[in-house]
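Encoded as structure tokens, the structure appears first; notes follow it.
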Amino acid sequence: MATITIKLVQPYYDLAKKAVKMFELRRNDRKYSIGDQVIMQEYNKETGKCTGKEVRRTITYVLENVE
């Protein structure tokens, strides 16, 4: 199992934190797998930096073979 860090901007970070947004569509360039831990860091586009806030989730599904 891997731990993967991704950046989320507002409002997506807050929605993920509240568990309203329960999925993320991304290219599988990091070889995401079921059971991997994802650390979602809040990212501020204006400053170009992470705020220090983060949410951890476990991947439960990976959509494959989509063209």
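Labels used: A, B, ... for chains in the order of the structure tokens, numbers from 1 for residues in each chain, and numbers from 1 for ligands as shown.
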Subject >> Residue list (strand (DSSP E), DSSP) for chain A, as a ChimeraX atom specification >> reply: /A:3-8,37-44,49-58
Output the selection as a PDB file, in the first residue's frame - N, CA and C atoms for each residue.
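After the write, again_2.pdb holds the following:
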```
ATOM      1  N   THR A   3       1.266   5.645   0.012  1.00  0.00           N
ATOM      2  CA  THR A   3       0.683   6.896   0.481  1.00  0.00           C
ATOM      3  C   THR A   3       0.965   7.938  -0.581  1.00  0.00           C
ATOM      4  N   ILE A   4      -0.098   8.559  -1.071  1.00  0.00           N
ATOM      5  CA  ILE A   4      -0.003   9.506  -2.174  1.00  0.00           C
ATOM      6  C   ILE A   4      -0.508  10.863  -1.698  1.00  0.00           C
ATOM      7  N   THR A   5       0.228  11.917  -2.003  1.00  0.00           N
ATOM      8  CA  THR A   5      -0.171  13.267  -1.627  1.00  0.00           C
ATOM      9  C   THR A   5      -0.645  14.012  -2.869  1.00  0.00           C
ATOM     10  N   ILE A   6      -1.831  14.616  -2.766  1.00  0.00           N
ATOM     11  CA  ILE A   6      -2.359  15.433  -3.852  1.00  0.00           C
ATOM     12  C   ILE A   6      -2.782  16.785  -3.294  1.00  0.00           C
ATOM     13  N   LYS A   7      -2.890  17.773  -4.158  1.00  0.00           N
ATOM     14  CA  LYS A   7      -3.305  19.115  -3.765  1.00  0.00           C
ATOM     15  C   LYS A   7      -4.729  19.356  -4.241  1.00  0.00           C
ATOM     16  N   LEU A   8      -5.538  19.966  -3.389  1.00  0.00           N
ATOM     17  CA  LEU A   8      -6.905  20.338  -3.752  1.00  0.00           C
ATOM     18  C   LEU A   8      -7.116  21.816  -3.455  1.00  0.00           C
ATOM     19  N   GLN A  37      -3.377   5.017   0.647  1.00  0.00           N
ATOM     20  CA  GLN A  37      -3.777   6.174   1.438  1.00  0.00           C
ATOM     21  C   GLN A  37      -3.529   7.439   0.607  1.00  0.00           C
ATOM     22  N   VAL A  38      -4.500   8.339   0.597  1.00  0.00           N
ATOM     23  CA  VAL A  38      -4.356   9.600  -0.117  1.00  0.00           C
ATOM     24  C   VAL A  38      -4.382  10.722   0.911  1.00  0.00           C
ATOM     25  N   ILE A  39      -3.374  11.567   0.874  1.00  0.00           N
ATOM     26  CA  ILE A  39      -3.346  12.774   1.703  1.00  0.00           C
ATOM     27  C   ILE A  39      -3.702  13.923   0.785  1.00  0.00           C
ATOM     28  N   MET A  40      -4.853  14.543   1.039  1.00  0.00           N
ATOM     29  CA  MET A  40      -5.311  15.672   0.239  1.00  0.00           C
ATOM     30  C   MET A  40      -4.971  16.951   0.987  1.00  0.00           C
ATOM     31  N   GLN A  41      -4.077  17.729   0.410  1.00  0.00           N
ATOM     32  CA  GLN A  41      -3.639  18.973   1.037  1.00  0.00           C
ATOM     33  C   GLN A  41      -4.375  20.152   0.424  1.00  0.00           C
ATOM     34  N   GLU A  42      -4.821  21.076   1.287  1.00  0.00           N
ATOM     35  CA  GLU A  42      -5.459  22.285   0.786  1.00  0.00           C
ATOM     36  C   GLU A  42      -4.391  23.157   0.127  1.00  0.00           C
ATOM     37  N   TYR A  43      -4.669  23.579  -1.107  1.00  0.00           N
ATOM     38  CA  TYR A  43      -3.712  24.367  -1.890  1.00  0.00           C
ATOM     39  C   TYR A  43      -4.327  25.723  -2.220  1.00  0.00           C
ATOM     40  N   ASN A  44      -3.558  26.767  -1.963  1.00  0.00           N
ATOM     41  CA  ASN A  44      -4.004  28.133  -2.246  1.00  0.00           C
ATOM     42  C   ASN A  44      -3.385  28.572  -3.573  1.00  0.00           C
ATOM     43  N   LYS A  49       0.980  27.947  -2.550  1.00  0.00           N
ATOM     44  CA  LYS A  49       1.466  27.100  -1.454  1.00  0.00           C
ATOM     45  C   LYS A  49       0.319  26.344  -0.800  1.00  0.00           C
ATOM     46  N   CYS A  50       0.670  25.261  -0.136  1.00  0.00           N
ATOM     47  CA  CYS A  50      -0.307  24.527   0.668  1.00  0.00           C
ATOM     48  C   CYS A  50      -0.513  25.270   1.978  1.00  0.00           C
ATOM     49  N   THR A  51      -1.728  25.163   2.535  1.00  0.00           N
ATOM     50  CA  THR A  51      -2.067  25.892   3.763  1.00  0.00           C
ATOM     51  C   THR A  51      -1.662  25.154   5.032  1.00  0.00           C
ATOM     52  N   GLY A  52      -1.349  23.878   4.914  1.00  0.00           N
ATOM     53  CA  GLY A  52      -1.035  23.069   6.093  1.00  0.00           C
ATOM     54  C   GLY A  52      -2.201  22.196   6.518  1.00  0.00           C
ATOM     55  N   LYS A  53      -3.380  22.434   5.957  1.00  0.00           N
ATOM     56  CA  LYS A  53      -4.552  21.599   6.255  1.00  0.00           C
ATOM     57  C   LYS A  53      -4.530  20.385   5.341  1.00  0.00           C
ATOM     58  N   GLU A  54      -4.936  19.231   5.898  1.00  0.00           N
ATOM     59  CA  GLU A  54      -4.983  18.031   5.073  1.00  0.00           C
ATOM     60  C   GLU A  54      -6.040  17.060   5.565  1.00  0.00           C
ATOM     61  N   VAL A  55      -6.483  16.217   4.646  1.00  0.00           N
ATOM     62  CA  VAL A  55      -7.471  15.172   4.906  1.00  0.00           C
ATOM     63  C   VAL A  55      -6.884  13.874   4.379  1.00  0.00           C
ATOM     64  N   ARG A  56      -7.057  12.788   5.136  1.00  0.00           N
ATOM     65  CA  ARG A  56      -6.581  11.469   4.695  1.00  0.00           C
ATOM     66  C   ARG A  56      -7.782  10.581   4.381  1.00  0.00           C
ATOM     67  N   ARG A  57      -7.656   9.875   3.283  1.00  0.00           N
ATOM     68  CA  ARG A  57      -8.689   8.930   2.872  1.00  0.00           C
ATOM     69  C   ARG A  57      -8.011   7.684   2.305  1.00  0.00           C
ATOM     70  N   THR A  58      -8.782   6.616   2.209  1.00  0.00           N
ATOM     71  CA  THR A  58      -8.313   5.369   1.626  1.00  0.00           C
ATOM     72  C   THR A  58      -9.013   5.153   0.297  1.00  0.00           C
TER      73      THR A  58
END
```
Original post:
Skipping near chain neighbours, those fewer than 2 positions away, what residues fall within 6 Å of Asp36 of chain A using only C-alpha atoms, listed as number ranges by chain?
Top reply: A: 1-3, 33-34, 58-59
**OP:** Fewer than 6 positions away in the same chain doesn't count, so skip those; otherwise give me all residues within 12 Å of Asn28 of chain A, counting only C-alpha atoms, as a list of chain:residue names.
**Re:**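 Once the nearby chain positions are removed, what remains is A:Ile4, A:Val62, A:Leu63, A:Glu64, A:Asn65, A:Val66.
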**OP:** May I have all residues of segment 5-58 of chain A that DSSP, computed from the backbone, assigns to alpha helix (DSSP H), given as a VMD selection string?
**Re:** chain A and resid 12 to 17
Would you mind exporting C-alpha atoms of the selected residues as a PDB file, in the first residue's frame?
```pdb
ATOM      1  CA  TYR A  12     -12.987  20.954  -3.461  1.00  0.00           C
ATOM      2  CA  TYR A  13     -10.857  20.653  -0.327  1.00  0.00           C
ATOM      3  CA  ASP A  14     -13.763  21.586   1.985  1.00  0.00           C
ATOM      4  CA  LEU A  15     -16.126  19.229   0.152  1.00  0.00           C
ATOM      5  CA  ALA A  16     -13.637  16.362   0.525  1.00  0.00           C
ATOM      6  CA  LYS A  17     -13.127  17.194   4.194  1.00  0.00           C
TER       7      LYS A  17
END
```
**OP:** Choose the residue, out of A:Gly35, A:Arg27, A:Met22, A:Gly48, that has the smallest atom-to-atom separation from Val9 of chain A; count only C-alpha atoms.
**Re:**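 Between A:Gly35, A:Arg27, A:Met22, A:Gly48, the residue approaching Val9 of chain A most closely is A:Gly48.
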Original post:
Which one of A:Leu25, A:Gln10, A:Ala19, A:Arg30 sits closest to Tyr61 of chain A if you count only C-alpha atoms?
Top reply: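 Of A:Leu25, A:Gln10, A:Ala19, A:Arg30, the one nearest Tyr61 of chain A is A:Leu25, counting only C-alpha atoms.
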